[in-house]
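Read the structure below first, then the notes.
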Amino acid sequence: MTDINKEQVLKVLAGVVDPISKKGIVSAGMVSGLQVKDGHVAFAIEVDPANGPQMEPLRKEVEKLVYAMAGVLTATVVLTAEKASGHTQPSQQQAAQQQSQHQASAISPLPGVRSIIAVASGKGGVGKSTTSANLALALSANGKKVGLMDADIYGPSMPRMMGITGQPVSNDGKILEAMENYGVKVMSMGFLIEDDTPMIWRGPMVQSALEQMMRDVNWGELDVLVVDLPPGTGDAQLTMAQRVPLTGAVIVSTPQDIALLDARKGLNMFRKVNVPVLGIIENMSYFNCPQCGHRSEIFSHGGARAEADRLACDFLGEIPLDIDIRTTSDKGSPIVISQPLGELAKCYRAIAIEVAGKIDDVLAERETSTPKIIIQ
């Protein structure tokens with residue numbers, strides 16, 4: 001296969017003209033965030049927000065043009081619109097139209113995917129990604145068809161954690177086939193960029209990339225799609241909460257007060273956008289010394305359970321601080337897979353049973369609350 005690089009892509013794009021400004025999209029600085037890896041090309045075209053709908057044909061034309069290049073396996077092009085300084089506020093009619101488009105996107109399901117849950121935390125370093133991977137594997141071990149999406153655009157970790165190498169393929173140049181290991185389908189930006197390549201993308205580009213990772217991937221038939229969100233309450237979290245049909249969210253926190261303070265913010269964010277919070281998991285809950293068996297509560301203990309009670313939220317369970325959880329994840333064989341009969345795997349599987357039950361409850365409630373039209 002012929003190697004493709006950024007210079008070649010830009011050379012082809014240099015001949016594309018913006019139909020509105022009549023300027024070349026490269027010379028006008030409209031092309032941003034260009035990433036090229038092993039035949040996979042992704043970038044954004046920055047446009048005026050007022051011209052967004054009119055630029056969709058250009059986006060499709062550019063995507064088709066790049067895909068036709070020798071050596072290109074997939075081409076992903078997104079439109080990103082930023083409000084220029086001095087730009088007038090949208091009219092009431094435009095605002096209503098935009099709100100309607102957001103709402104339509106939010107309720108649009110993913111074909112074949114029964115439910116989507118977000119695993120979130122208010123801050124980094126609480127073991128959220130490790131929890132996401134093991135929760136997905138535990139759901140699969142409990143008999144569910146599971147997918148796992150790595151929504152951390154800036155710091156993707158699922159390729160290594162799930163022991164997957166290589167790049168996804170596309171049979172038609174538009175839809176990517178999800179990667180798979182241990183019976184779980186996986187998609188991550190880490191499959192499309194080099195490990196040491198920084199993603200210098202603005203918020204709108206992250207939002208577009210997340211939606212495409214959800215909707216332009218062949219997930220097949222899934223009972224649950226687990227989405228590992230980055231920490232915090234920023235663009236990625238709001239995109240997932242407002243633009244895709246989330247069934248619910250799981251909050252991960254360690255027991256100490258500072259982590260719980262941030263976890264509370266994450267929980268309240270989901271409640272504000274009407275996403276059900278399925279419960280809180282206390283990670284690194286305690287430490288059992290492997291030599292003497294002494295239990296130490298390094299980060300305190302029980303804080304997440306108490307916080308769940310205070311916020312009228314369900315407590316899903318405790319995961320201890322254990323070196324095996326860390327080492328197996330680093331090796332690409334998480335504890336639920338590498339030690340399936342061990343006590344640690346049992347902790348994750350018990351939580352997975354709780355989560356699956358709550359998913360069923362949410363879906364059943366939505367089904368009964370949906371108005372039905374009866375023709376007599």
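Identifiers in the structure tokens: chain A, B, ... in order shown; residue index from 1 per chain; ligand index from 1 in order shown.
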* Please report, as a VMD selection string, each residue of segment 115-347 of chain A to which DSSP assigns helix (DSSP H, G or I) when run on this structure's backbone. => chain A and resid 128 to 141 158 to 161 189 to 191 203 to 215 235 to 243 257 to 272 303 to 310 323 to 330 335 to 338 343 to 347
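Considering only C-alpha atoms, the residue among A:Asp223, A:Asp257, A:Asp150, A:Asp228 positioned nearest to Val119 of chain A is A:Asp228.
Counting only C-alpha atoms, the residue from A:Gly190, A:Gly279, A:Gly317, A:Pro290 that sits nearest to Ile153 of chain A is A:Gly190.
The nearest approach to Ala236 of chain A among the residues A:Cys313, A:Ile353, A:Tyr348, A:Ala118, with only C-alpha atoms taken into account, belongs to A:Ala118.
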Neighbour list for Ser115 of chain A as an mmCIF file with C-alpha atoms, in the first residue's frame, cut-off 8 Å, only C-alpha atoms, skip fewer than 6 positions in-chain:
```cif
data_model
loop_
_atom_site.group_PDB
_atom_site.id
_atom_site.type_symbol
_atom_site.label_atom_id
_atom_site.label_comp_id
_atom_site.auth_asym_id
_atom_site.auth_seq_id
_atom_site.Cartn_x
_atom_site.Cartn_y
_atom_site.Cartn_z
ATOM 1 C CA LEU A 222 -25.261 -4.653 21.332
ATOM 2 C CA ASP A 223 -27.087 -4.911 24.630
ATOM 3 C CA VAL A 224 -24.852 -2.229 26.161
ATOM 4 C CA LEU A 225 -22.385 0.314 24.801
ATOM 5 C CA LEU A 246 -27.705 7.907 26.913
ATOM 6 C CA THR A 247 -29.580 5.361 29.002
ATOM 7 C CA ILE A 359 -30.553 -0.302 32.605
#
```
Asp361 of chain A: which residues within 12 Å, counting only C-alpha atoms, same-chain residues fewer than 6 positions away excluded, as a compact mmCIF listing (two decimals) with N, CA and C atoms, in the first residue's frame?
```
# COMPACT_ATOMS: atom_id res chain seq x y z
N SER A 115 -28.78 -0.07 24.59
CA SER A 115 -28.58 0.93 25.64
C SER A 115 -27.16 1.47 25.60
N THR A 247 -28.63 6.03 28.10
CA THR A 247 -29.58 5.36 29.00
C THR A 247 -29.33 5.78 30.43
N GLY A 248 -28.07 6.02 30.77
CA GLY A 248 -27.74 6.43 32.13
C GLY A 248 -26.25 6.65 32.28
N PRO A 276 -30.35 9.83 33.52
CA PRO A 276 -30.43 9.12 34.80
C PRO A 276 -29.05 8.71 35.31
N LEU A 278 -27.18 6.08 37.26
CA LEU A 278 -27.45 4.71 37.70
C LEU A 278 -26.84 4.42 39.06
N GLU A 354 -25.74 -5.21 38.95
CA GLU A 354 -26.51 -4.04 39.41
C GLU A 354 -26.78 -3.07 38.25
N VAL A 355 -25.75 -2.80 37.47
CA VAL A 355 -25.89 -1.85 36.37
C VAL A 355 -26.87 -2.38 35.33
N GLU A 367 -40.35 2.94 28.19
CA GLU A 367 -41.32 2.27 27.35
C GLU A 367 -42.75 2.55 27.82
N THR A 368 -42.95 2.50 29.14
CA THR A 368 -44.30 2.72 29.67
C THR A 368 -44.71 4.19 29.61
```
* Polymer residues at most 9 Å from Lys60 of chain A, only C-alpha atoms, same-chain spacing of 5 or more positions, as a list in words -> Met55, Leu65 and Val77 of chain A
* Non-local contacts of Gly143 of chain A (12 Å; only C-alpha atoms; under 3 positions in same chain excluded) as number ranges by chain -> A: 136-140, 146, 183-184, 222-224, 349, 352-353, 356
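From atom CA of Leu267 of chain A back to atom CA of Ile251 of chain A, the distance works out to 6.8 Å.
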* To do: Excluding Lys174 of chain A and any residue of its chain fewer than 2 positions from it, enumerate the residues within 10 Å of it, using only C-alpha atoms, and give them as a PyMOL selection string.
  => chain A and resi 63-64+67+73-76+169-172+176-177+216-217
* Could you check which of A:Met158, A:Met214, A:Met179, A:Ala151 is closest to Val227 of chain A, using only C-alpha atoms? => A:Ala151
* Determine which residues of segment 96-304 of chain A receive a DSSP assignment of strand (DSSP E or B), computed from the backbone, and state them as a PyMOL selection string. => chain A and resi 113+116-120+146-150+170+176-177+179-181+184-188+217-218+222+224-228+248-253+277-283+287-288+295-296+298+300
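Between atom CA of Ala241 of chain A and atom CA of Gly220 of chain A lies a distance of 22.0 Å.
Using only C-alpha atoms for every distance, the candidate list A:Val113, A:Val206, A:Leu135, A:Met189 yields A:Val113 as the residue closest to Trp219 of chain A.
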